[in-house]
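Okay, work_17.txt is below, compact mmCIF, C-alpha atoms and all ligand atoms:
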# COMPACT_ATOMS: atom_id res chain seq x y z
CA MET F 798 0.00 0.00 0.00
CA PRO F 799 1.34 3.48 -0.84
CA THR F 800 1.64 5.52 2.33
CA SER F 801 1.28 9.25 2.34
CA THR F 802 4.04 11.16 4.05
CA GLN F 803 1.98 14.33 4.03
CA SER F 804 -0.55 15.25 6.59
CA PHE F 805 -3.21 17.84 7.18
CA PRO F 806 -3.49 20.64 6.22
CA ARG F 807 -1.18 20.08 3.24
CA THR F 808 -3.28 17.04 2.44
CA ARG F 809 -6.99 17.70 2.26
CA PRO F 810 -8.84 14.82 0.57
CA ARG F 811 -11.91 17.03 0.38
CA ARG F 812 -10.23 19.21 -2.31
CA ASN F 813 -10.93 16.47 -4.82
CA ARG F 814 -14.59 16.39 -3.87
CA VAL F 815 -15.48 20.08 -4.22
CA ASP F 816 -17.03 19.98 -7.68
CA GLY F 817 -19.07 17.58 -9.72
CA TRP F 818 -16.43 17.56 -12.46
CA THR F 819 -13.62 16.68 -10.04
CA ARG F 820 -15.69 13.89 -8.55
CA ARG F 821 -16.28 12.56 -12.05
CA LEU F 822 -12.55 12.68 -12.83
CA MET F 823 -11.62 10.89 -9.61
CA ALA F 824 -14.23 8.13 -9.92
CA GLU F 825 -12.46 4.76 -9.75
CA ASN F 826 -15.44 2.62 -10.77
CA ARG F 827 -18.35 3.13 -13.10
CA LEU F 828 -21.63 1.35 -13.60
CA SER F 829 -22.83 0.97 -17.17
CA VAL F 830 -25.75 -0.71 -18.86
CA ASP F 831 -23.20 -3.23 -20.16
CA ASP F 832 -22.92 -4.60 -16.60
CA LEU F 833 -26.57 -5.60 -16.30
CA ILE F 834 -28.37 -8.94 -16.67
CA TRP F 835 -32.14 -8.84 -16.23
CA PRO F 836 -33.85 -11.91 -14.67
CA VAL F 837 -37.33 -12.57 -16.11
CA PHE F 838 -40.10 -15.08 -15.36
CA ALA F 839 -42.06 -16.87 -18.09
CA VAL F 840 -45.51 -18.48 -17.74
CA ASP F 841 -47.66 -20.33 -20.22
CA GLY F 842 -50.79 -18.84 -21.72
CA GLU F 843 -51.59 -15.63 -23.50
CA ASN F 844 -51.77 -12.07 -22.30
CA GLN F 845 -50.65 -13.18 -18.82
CA ARG F 846 -49.12 -10.49 -16.67
CA GLN F 847 -48.94 -11.73 -13.07
CA PRO F 848 -47.48 -9.40 -10.45
CA ILE F 849 -45.37 -10.91 -7.68
CA ALA F 850 -46.43 -9.38 -4.36
CA SER F 851 -43.03 -9.54 -2.68
CA MET F 852 -41.23 -8.13 -5.73
CA PRO F 853 -42.99 -4.90 -6.73
CA GLY F 854 -42.32 -4.10 -10.38
CA VAL F 855 -41.58 -7.75 -11.29
CA GLU F 856 -44.14 -9.84 -13.20
CA ARG F 857 -44.51 -13.30 -14.62
CA LEU F 858 -45.19 -12.85 -18.32
CA SER F 859 -46.58 -15.12 -21.01
CA LEU F 860 -44.40 -15.33 -24.09
CA ASP F 861 -46.48 -12.86 -26.13
CA LEU F 862 -45.69 -10.22 -23.48
CA LEU F 863 -42.25 -11.45 -22.48
CA VAL F 864 -40.76 -11.09 -25.96
CA PRO F 865 -41.64 -7.36 -26.28
CA ALA F 866 -40.36 -6.79 -22.72
CA VAL F 867 -37.05 -8.39 -23.69
CA ALA F 868 -36.98 -6.26 -26.86
CA GLN F 869 -37.37 -3.17 -24.68
CA ALA F 870 -34.45 -4.30 -22.51
CA ARG F 871 -32.38 -4.76 -25.67
CA ASP F 872 -33.36 -1.26 -26.84
CA LEU F 873 -32.13 0.10 -23.51
CA GLY F 874 -28.78 -1.61 -24.13
CA ILE F 875 -29.08 -4.46 -21.63
CA PRO F 876 -26.82 -7.24 -23.01
CA CYS F 877 -28.48 -10.31 -21.50
CA VAL F 878 -31.60 -11.68 -19.79
CA ALA F 879 -31.72 -14.55 -17.28
CA LEU F 880 -34.71 -16.75 -17.96
CA PHE F 881 -36.76 -18.66 -15.35
CA PRO F 882 -39.88 -20.69 -16.09
CA VAL F 883 -42.93 -20.90 -13.81
CA LEU F 884 -44.88 -24.15 -14.19
CA PRO F 885 -48.34 -25.17 -13.03
CA LEU F 886 -48.48 -28.00 -10.47
CA ASP F 887 -49.68 -30.55 -13.02
CA ARG F 888 -46.38 -30.13 -14.93
CA LYS F 889 -44.32 -30.98 -11.84
CA ASP F 890 -43.29 -34.41 -10.58
CA PRO F 891 -40.76 -35.75 -8.05
CA GLU F 892 -38.04 -36.15 -10.72
CA GLY F 893 -38.68 -32.84 -12.48
CA ARG F 894 -38.90 -34.67 -15.81
CA GLU F 895 -40.39 -31.69 -17.66
CA ALA F 896 -36.94 -30.03 -17.40
CA GLY F 897 -35.62 -32.35 -20.11
CA ASN F 898 -38.55 -31.89 -22.49
CA PRO F 899 -37.25 -30.13 -25.63
CA ASP F 900 -40.61 -28.42 -26.03
CA ASN F 901 -41.02 -27.21 -22.44
CA LEU F 902 -41.87 -23.61 -21.59
CA MET F 903 -38.20 -22.73 -21.12
CA CYS F 904 -37.21 -23.97 -24.58
CA ARG F 905 -40.21 -22.31 -26.20
CA ALA F 906 -39.30 -19.04 -24.48
CA ILE F 907 -35.68 -19.34 -25.66
CA ARG F 908 -36.78 -19.96 -29.23
CA ALA F 909 -39.30 -17.10 -29.19
CA ILE F 910 -36.75 -14.62 -27.83
CA LYS F 911 -34.01 -15.77 -30.23
CA ARG F 912 -36.41 -15.46 -33.16
CA GLU F 913 -37.65 -11.94 -32.33
CA VAL F 914 -34.73 -10.44 -30.40
CA PRO F 915 -31.66 -12.30 -31.67
CA ASP F 916 -29.18 -9.68 -30.48
CA ILE F 917 -29.75 -10.12 -26.74
CA GLY F 918 -28.03 -12.90 -24.81
CA ILE F 919 -30.01 -15.53 -22.93
CA LEU F 920 -28.75 -17.06 -19.70
CA GLY F 921 -30.88 -20.14 -19.05
CA ASP F 922 -31.43 -21.47 -15.55
CA VAL F 923 -30.39 -25.10 -15.17
CA ALA F 924 -31.85 -26.64 -11.99
CA LEU F 925 -34.82 -28.83 -11.25
CA ASP F 926 -36.64 -26.72 -8.66
CA PRO F 927 -39.21 -25.14 -11.00
CA TYR F 928 -40.08 -28.67 -12.18
CA THR F 929 -40.12 -30.77 -9.01
CA SER F 930 -43.23 -31.32 -6.91
CA HIS F 931 -41.13 -30.88 -3.73
CA GLY F 932 -39.31 -27.69 -4.76
CA HIS F 933 -35.79 -29.09 -4.36
CA ASP F 934 -33.15 -28.56 -7.05
CA GLY F 935 -32.67 -32.27 -7.59
CA ILE F 936 -33.98 -35.79 -7.20
CA VAL F 937 -34.67 -36.67 -3.57
CA LYS F 938 -34.28 -40.03 -1.85
CA ASP F 939 -34.86 -40.49 1.86
CA GLY F 940 -34.79 -36.73 2.32
CA TYR F 941 -31.40 -36.31 0.59
CA VAL F 942 -30.87 -34.76 -2.84
CA LEU F 943 -29.03 -37.39 -4.91
CA ASN F 944 -25.97 -36.06 -6.69
CA GLU F 945 -25.22 -38.21 -9.75
CA GLU F 946 -28.87 -38.88 -10.60
CA THR F 947 -29.52 -35.15 -10.47
CA VAL F 948 -26.46 -34.35 -12.59
CA GLU F 949 -27.77 -36.71 -15.27
CA ALA F 950 -31.06 -34.79 -15.37
CA LEU F 951 -29.23 -31.46 -15.44
CA VAL F 952 -27.16 -32.58 -18.42
CA ARG F 953 -30.34 -33.39 -20.34
CA GLN F 954 -31.85 -30.05 -19.29
CA ALA F 955 -28.76 -28.09 -20.39
CA LEU F 956 -28.70 -29.90 -23.73
CA VAL F 957 -32.34 -29.15 -24.61
CA GLN F 958 -31.77 -25.51 -23.74
CA ALA F 959 -28.60 -25.31 -25.83
CA GLU F 960 -30.45 -26.94 -28.72
CA ALA F 961 -33.23 -24.34 -28.38
CA GLY F 962 -30.60 -21.61 -28.81
CA CYS F 963 -29.66 -20.67 -25.28
CA ASP F 964 -26.34 -18.76 -25.26
CA ILE F 965 -25.30 -19.39 -21.66
CA VAL F 966 -26.51 -22.32 -19.57
CA ALA F 967 -26.37 -21.52 -15.88
CA PRO F 968 -26.54 -24.40 -13.40
CA SER F 969 -27.91 -22.94 -10.15
CA ASP F 970 -28.24 -26.27 -8.35
CA MET F 971 -24.88 -26.76 -6.53
CA MET F 972 -24.50 -30.48 -7.32
CA ASP F 973 -20.88 -31.70 -7.41
CA GLY F 974 -19.38 -32.39 -10.83
CA ARG F 975 -22.20 -30.94 -12.89
CA ILE F 976 -20.10 -28.38 -14.74
CA GLY F 977 -17.76 -31.03 -16.15
CA ALA F 978 -20.64 -33.32 -17.10
CA ILE F 979 -22.51 -30.49 -18.84
CA ARG F 980 -19.35 -29.27 -20.59
CA ASP F 981 -18.63 -32.75 -21.97
CA ALA F 982 -22.21 -33.14 -23.18
CA LEU F 983 -22.17 -29.73 -24.87
CA GLU F 984 -18.87 -30.49 -26.60
CA GLY F 985 -20.14 -33.91 -27.65
CA GLY F 986 -23.47 -32.50 -28.80
CA GLY F 987 -22.11 -29.88 -31.19
CA HIS F 988 -22.53 -26.97 -28.77
CA SER F 989 -18.91 -26.13 -28.12
CA LEU F 990 -19.63 -22.38 -28.15
CA THR F 991 -22.45 -22.52 -25.61
CA CYS F 992 -21.12 -20.88 -22.45
CA ILE F 993 -21.54 -22.21 -18.94
CA CYS F 994 -22.07 -19.72 -16.15
CA ALA F 995 -21.55 -21.70 -12.96
CA TYR F 996 -23.42 -20.62 -9.89
CA ALA F 997 -20.15 -21.55 -8.20
CA ALA F 998 -20.51 -19.96 -4.78
CA LYS F 999 -24.21 -20.16 -4.08
CA TYR F 1000 -25.15 -19.94 -0.44
CA ALA F 1001 -28.14 -21.42 1.40
CA SER F 1002 -29.71 -18.03 1.96
CA ALA F 1003 -32.75 -16.46 3.58
CA PHE F 1004 -32.77 -13.88 0.78
CA TYR F 1005 -34.34 -16.20 -1.82
CA GLY F 1006 -37.84 -16.03 -0.30
CA PRO F 1007 -39.48 -13.73 -2.87
CA PHE F 1008 -38.00 -15.75 -5.78
CA ARG F 1009 -39.66 -18.87 -4.40
CA GLU F 1010 -42.95 -16.95 -4.42
CA ALA F 1011 -42.24 -15.92 -8.02
CA VAL F 1012 -41.62 -19.50 -9.22
CA GLN F 1013 -44.24 -20.90 -6.84
CA THR F 1014 -41.92 -23.35 -5.14
CA GLY F 1015 -41.96 -21.82 -1.65
CA GLY F 1016 -45.15 -23.57 -0.60
CA LEU F 1017 -43.85 -26.94 -1.83
CA LEU F 1018 -40.43 -26.88 -0.22
CA LYS F 1019 -40.04 -28.68 3.07
CA GLY F 1020 -36.87 -28.09 5.00
CA ASP F 1021 -34.01 -26.18 3.47
CA LYS F 1022 -31.25 -26.54 0.85
CA LYS F 1023 -28.33 -26.70 3.26
CA THR F 1024 -27.10 -30.13 2.12
CA TYR F 1025 -26.20 -28.68 -1.27
CA GLN F 1026 -26.00 -24.89 -1.08
CA MET F 1027 -23.10 -23.36 0.86
CA ASP F 1028 -22.95 -22.38 4.50
CA ALA F 1029 -22.99 -18.60 5.01
CA ALA F 1030 -20.13 -18.99 7.48
CA ASN F 1031 -17.66 -20.03 4.77
CA SER F 1032 -15.32 -18.09 2.53
CA ASP F 1033 -12.34 -20.40 1.73
CA GLU F 1034 -14.89 -22.98 0.63
CA ALA F 1035 -16.16 -20.54 -2.01
CA LEU F 1036 -12.68 -20.43 -3.54
CA ARG F 1037 -12.61 -24.21 -3.63
CA GLU F 1038 -16.00 -24.35 -5.36
CA VAL F 1039 -14.93 -21.73 -7.90
CA ALA F 1040 -11.63 -23.52 -8.60
CA LEU F 1041 -13.47 -26.78 -9.28
CA ASP F 1042 -15.99 -25.16 -11.61
CA ILE F 1043 -13.28 -23.38 -13.60
CA ALA F 1044 -11.33 -26.64 -13.88
CA GLU F 1045 -14.47 -28.41 -15.09
CA GLY F 1046 -15.01 -25.88 -17.88
CA ALA F 1047 -17.05 -22.96 -16.56
CA ASP F 1048 -16.72 -19.83 -18.71
CA MET F 1049 -17.83 -17.49 -15.96
CA VAL F 1050 -18.61 -17.92 -12.29
CA MET F 1051 -21.27 -16.45 -10.06
CA VAL F 1052 -21.50 -15.46 -6.43
CA LYS F 1053 -24.98 -15.46 -4.93
CA PRO F 1054 -26.54 -13.67 -3.03
CA GLY F 1055 -24.88 -10.32 -3.64
CA MET F 1056 -24.89 -7.58 -1.03
CA PRO F 1057 -24.07 -9.75 2.02
CA TYR F 1058 -21.32 -11.53 0.03
CA LEU F 1059 -19.28 -8.69 -1.51
CA ASP F 1060 -16.22 -10.05 0.32
CA ILE F 1061 -16.59 -13.33 -1.58
CA ILE F 1062 -16.80 -11.52 -4.92
CA ARG F 1063 -13.58 -9.65 -4.11
CA ARG F 1064 -11.74 -12.82 -3.06
CA VAL F 1065 -12.90 -14.73 -6.15
CA LYS F 1066 -11.91 -11.92 -8.50
CA ASP F 1067 -8.50 -11.42 -6.88
CA GLU F 1068 -7.74 -15.14 -6.80
CA PHE F 1069 -8.94 -16.28 -10.22
CA ARG F 1070 -9.31 -13.19 -12.48
CA VAL F 1071 -12.06 -14.86 -14.48
CA PRO F 1072 -15.39 -13.30 -15.53
CA THR F 1073 -17.31 -13.04 -12.27
CA PHE F 1074 -21.01 -12.32 -11.98
CA ALA F 1075 -23.03 -11.52 -8.89
CA TYR F 1076 -26.72 -12.10 -8.27
CA HIS F 1077 -28.49 -9.25 -6.51
CA VAL F 1078 -31.22 -11.63 -5.40
CA SER F 1079 -34.94 -11.30 -4.86
CA GLY F 1080 -34.77 -10.59 -1.11
CA GLU F 1081 -32.24 -7.83 -1.64
CA TYR F 1082 -34.46 -6.27 -4.30
CA ALA F 1083 -37.51 -6.66 -2.05
CA MET F 1084 -35.71 -4.80 0.77
CA LEU F 1085 -35.02 -1.82 -1.48
CA ARG F 1086 -38.60 -1.78 -2.75
CA ALA F 1087 -40.19 -2.20 0.67
CA ALA F 1088 -38.08 0.51 2.30
CA SER F 1089 -38.70 2.94 -0.54
CA ALA F 1090 -42.45 2.20 -0.51
CA ASN F 1091 -42.38 3.35 3.12
CA GLY F 1092 -40.49 6.49 2.20
CA TRP F 1093 -37.42 5.26 4.07
CA LEU F 1094 -35.09 4.98 1.09
CA ASN F 1095 -34.86 6.57 -2.33
CA TYR F 1096 -35.14 3.52 -4.60
CA ASP F 1097 -33.34 5.02 -7.60
CA ALA F 1098 -30.35 6.24 -5.61
CA ALA F 1099 -30.13 3.11 -3.45
CA LEU F 1100 -30.32 0.84 -6.50
CA LEU F 1101 -27.53 2.64 -8.37
CA GLU F 1102 -25.36 2.76 -5.23
CA THR F 1103 -25.91 -0.96 -4.69
CA LEU F 1104 -24.95 -1.83 -8.25
CA LEU F 1105 -21.88 0.40 -8.12
CA GLY F 1106 -20.90 -1.44 -4.93
CA PHE F 1107 -20.91 -4.68 -6.91
CA LYS F 1108 -18.57 -3.11 -9.47
CA ARG F 1109 -16.25 -1.88 -6.72
CA ALA F 1110 -16.17 -5.39 -5.25
CA GLY F 1111 -14.97 -6.70 -8.61
CA THR F 1112 -17.97 -8.08 -10.51
CA ASP F 1113 -18.10 -7.96 -14.27
CA ALA F 1114 -21.89 -8.13 -14.43
CA VAL F 1115 -24.82 -8.17 -12.02
CA LEU F 1116 -28.10 -10.02 -12.28
CA THR F 1117 -30.66 -7.63 -10.85
CA TYR F 1118 -34.43 -7.29 -10.99
CA GLY F 1119 -33.72 -3.55 -11.14
CA ALA F 1120 -31.84 -3.86 -14.46
CA VAL F 1121 -34.44 -2.03 -16.54
CA ASP F 1122 -34.83 0.69 -13.89
CA ALA F 1123 -31.06 1.08 -13.68
CA ALA F 1124 -30.68 1.18 -17.48
CA LYS F 1125 -33.23 4.00 -17.70
CA LEU F 1126 -31.57 5.93 -14.86
CA LEU F 1127 -28.13 5.55 -16.45
CA ARG F 1128 -29.48 6.81 -19.76
CA GLU F 1129 -31.08 9.87 -18.11
CA ARG F 1130 -27.84 10.69 -16.36
CA SER F 1131 -25.52 10.37 -19.35
C1 LIG E 1 -32.90 -22.29 -7.51
C2 LIG E 1 -32.76 -20.82 -7.62
C3 LIG E 1 -33.02 -19.91 -6.60
C4 LIG E 1 -32.77 -18.65 -7.10
C5 LIG E 1 -32.37 -18.79 -8.42
N1 LIG E 1 -32.36 -20.15 -8.73
C6 LIG E 1 -33.56 -20.10 -5.23
C7 LIG E 1 -33.16 -21.25 -4.46
O1 LIG E 1 -32.01 -21.70 -4.49
O2 LIG E 1 -34.05 -21.75 -3.77
C8 LIG E 1 -32.93 -17.40 -6.30
C9 LIG E 1 -32.88 -16.12 -7.02
C10 LIG E 1 -33.39 -14.97 -6.24
O3 LIG E 1 -33.67 -15.06 -5.03
O4 LIG E 1 -33.54 -13.91 -6.84
N2 LIG E 1 -32.31 -23.04 -8.51
Would you give me this structure, written as structure tokens?
Amino acid sequence: MPTSTQSFPRTRPRRNRVDGWTRRLMAENRLSVDDLIWPVFAVDGENQRQPIASMPGVERLSLDLLVPAVAQARDLGIPCVALFPVLPLDRKDPEGREAGNPDNLMCRAIRAIKREVPDIGILGDVALDPYTSHGHDGIVKDGYVLNEETVEALVRQALVQAEAGCDIVAPSDMMDGRIGAIRDALEGGGHSLTCICAYAAKYASAFYGPFREAVQTGGLLKGDKKTYQMDAANSDEALREVALDIAEGADMVMVKPGMPYLDIIRRVKDEFRVPTFAYHVSGEYAMLRAASANGWLNYDAALLETLLGFKRAGTDAVLTYGAVDAAKLLRERS
């Protein structure tokens, strides 16, 4: 660390903060629309626009409405959307078999977006929880999520999404060995340029509550996901997870949740220097919305400060439900 030999009053850090133009010159980090990934929720049907109570401003959309919403995001300059399907109960079963159906909602959504809005990237969620009748991310036996059996299902799921045109498959399940298995299957299946974004350091978190309302798994889930998602107490373990996923062929890695885990983002970035994404998750978004609805926070300012904090911590891109809001704010301010 450089140490200053000068002291007050020769040194006055406030000199650099007097004017707007000096502050702009001194800024070490900048948030741009290029840093944003917008998570969206798809439902079947037509003209469906279903608000999610715990996530004001976020809606489940049928494909006829989702595609124009994605086109609007593209027009704002957002480079990528993260796609999540919401299935009715009669499409769910204990094995989550619908995940591997090449004509499932997810694949139809990917094809519709790629047809109408080909110049935006799609990051497809790979995990069984939207498809299982128990809400877990894998196949359960005697209360335990089976690893290899689940990985087999995830490979099939990743392949059908890649075949539908998904640009980045993103396993969010935390099974061991799934990145290598998916990478081999993509290479073998003629999809060598399909990227894998590994949810590498994904913690068993209380901040996923509103997402589980959005995908309607919260009511189904018994217990928690602590036998596969990481313990919030751990930091070295995140580096181990990231190292494994990179070795198995991940193109970018993710840390999730975001705000309470900025230290993990910094460690991952410093250690590996690979593309690193962060997920500003549903509960974090809900906190900003709830506080601002009470007049306790200014949503716009708090959102931009939050996202800049991710940049400062070292992320290359942030998944945030506020992506469209942030893109509009950044455009107004430029
Ligand atoms: C599950 C999944 C979760 C989220 C994304 N994928 C929740 C969970 O692990 O139960 C959460 C995202 C959010 O909270 O915004 N595969």
Contacts of segment 872-875 of chain F within 12 Å, only C-alpha atoms, excl. fewer than 4 positions in-chain, as number ranges by chain
F: 829-836, 865-868, 879, 914, 916-919, 1114-1117, 1119-1129
Rank F:Ile979, F:Met971, F:Ala1047, F:Leu863 by their smallest atom-to-atom distance to ligand LIG 1 (chain E), using all atoms listed in the file, and report the top residue only.
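Looking only at the distances to ligand LIG 1 (chain E), the closest residue turns out to be F:Met971.
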Could you list the protein, DNA and RNA residues that have any atom within 10 Å of ligand LIG 1 (chain E), counting all atoms listed in the file, and write them as number ranges by chain?
F: 836, 852, 879, 881, 922-927, 932-935, 967-971, 996, 999-1012, 1014-1015, 1018, 1021-1023, 1025-1026, 1053-1055, 1076-1083, 1116-1118
Between F:Pro1057, F:Pro891, F:Gly962, F:Gly974, single out the one closest to Ser930 of chain F, counting all atoms listed in the file.
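Among the listed residues, the smallest separation from Ser930 of chain F belongs to F:Pro891.
Note that atom CA of Thr802 of chain F and atom CA of Gly817 of chain F are 27.7 Å apart.
Between atom CA of Lys1066 of chain F and atom CA of Cys963 of chain F the separation is 25.9 Å.
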Find, counting all atoms listed in the file, the residue in F:Asn813, F:Gln954, F:Ser989, F:Asn826 that gets nearest to Pro899 of chain F.
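Closest residue, counting all atoms listed in the file: F:Gln954.
Rounded to one decimal, atom CA of Asn944 of chain F and atom CA of Asp973 of chain F lie 6.7 Å from each other.
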Nearest to Ile993 of chain F: which of F:Ile1062, F:Val948, F:Leu920, F:Ala961 is it, counting all atoms listed in the file?
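Going through F:Ile1062, F:Val948, F:Leu920, F:Ala961 one by one, the smallest distance to Ile993 of chain F is for F:Leu920.
Restricting the calculation to all atoms listed in the file, the smallest distance between Val878 of chain F and any of F:Glu825, F:Asp900, F:Glu1038, F:Asp964 is found for F:Asp964.
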Mind listing as JSON, numbers by chain all residues within 10 Å of (-37.0, -29.7, -23.9), counting only C-alpha atoms?
{"F": [894, 895, 896, 897, 898, 899, 900, 901, 902, 903, 904, 905, 953, 954, 955, 956, 957, 958, 959, 960, 961]}
Hey, can you spit out that residue selection with C-alpha atoms as an mmCIF file, keeping the file's coordinate frame?
data_model
loop_
_atom_site.group_PDB
_atom_site.id
_atom_site.type_symbol
_atom_site.label_atom_id
_atom_site.label_comp_id
_atom_site.auth_asym_id
_atom_site.auth_seq_id
_atom_site.Cartn_x
_atom_site.Cartn_y
_atom_site.Cartn_z
ATOM 1 C CA ARG F 894 -38.900 -34.670 -15.810
ATOM 2 C CA GLU F 895 -40.390 -31.690 -17.660
ATOM 3 C CA ALA F 896 -36.940 -30.030 -17.400
ATOM 4 C CA GLY F 897 -35.620 -32.350 -20.110
ATOM 5 C CA ASN F 898 -38.550 -31.890 -22.490
ATOM 6 C CA PRO F 899 -37.250 -30.130 -25.630
ATOM 7 C CA ASP F 900 -40.610 -28.420 -26.030
ATOM 8 C CA ASN F 901 -41.020 -27.210 -22.440
ATOM 9 C CA LEU F 902 -41.870 -23.610 -21.590
ATOM 10 C CA MET F 903 -38.200 -22.730 -21.120
ATOM 11 C CA CYS F 904 -37.210 -23.970 -24.580
ATOM 12 C CA ARG F 905 -40.210 -22.310 -26.200
ATOM 13 C CA ARG F 953 -30.340 -33.390 -20.340
ATOM 14 C CA GLN F 954 -31.850 -30.050 -19.290
ATOM 15 C CA ALA F 955 -28.760 -28.090 -20.390
ATOM 16 C CA LEU F 956 -28.700 -29.900 -23.730
ATOM 17 C CA VAL F 957 -32.340 -29.150 -24.610
ATOM 18 C CA GLN F 958 -31.770 -25.510 -23.740
ATOM 19 C CA ALA F 959 -28.600 -25.310 -25.830
ATOM 20 C CA GLU F 960 -30.450 -26.940 -28.720
ATOM 21 C CA ALA F 961 -33.230 -24.340 -28.380
#
Cys992 of chain F: which residues within 7 Å, counting all atoms listed in the file, same-chain residues fewer than 4 positions away excluded, as an NGL selection string?
:F and (964-966 or 1048)
Residues within 10 Å of Arg975 of chain F, only C-alpha atoms, excluding chain neighbours under 5 positions, as a VMD selection string:
chain F and resid 944 to 945 947 to 952 968 970 980 to 981 995 1042 1045
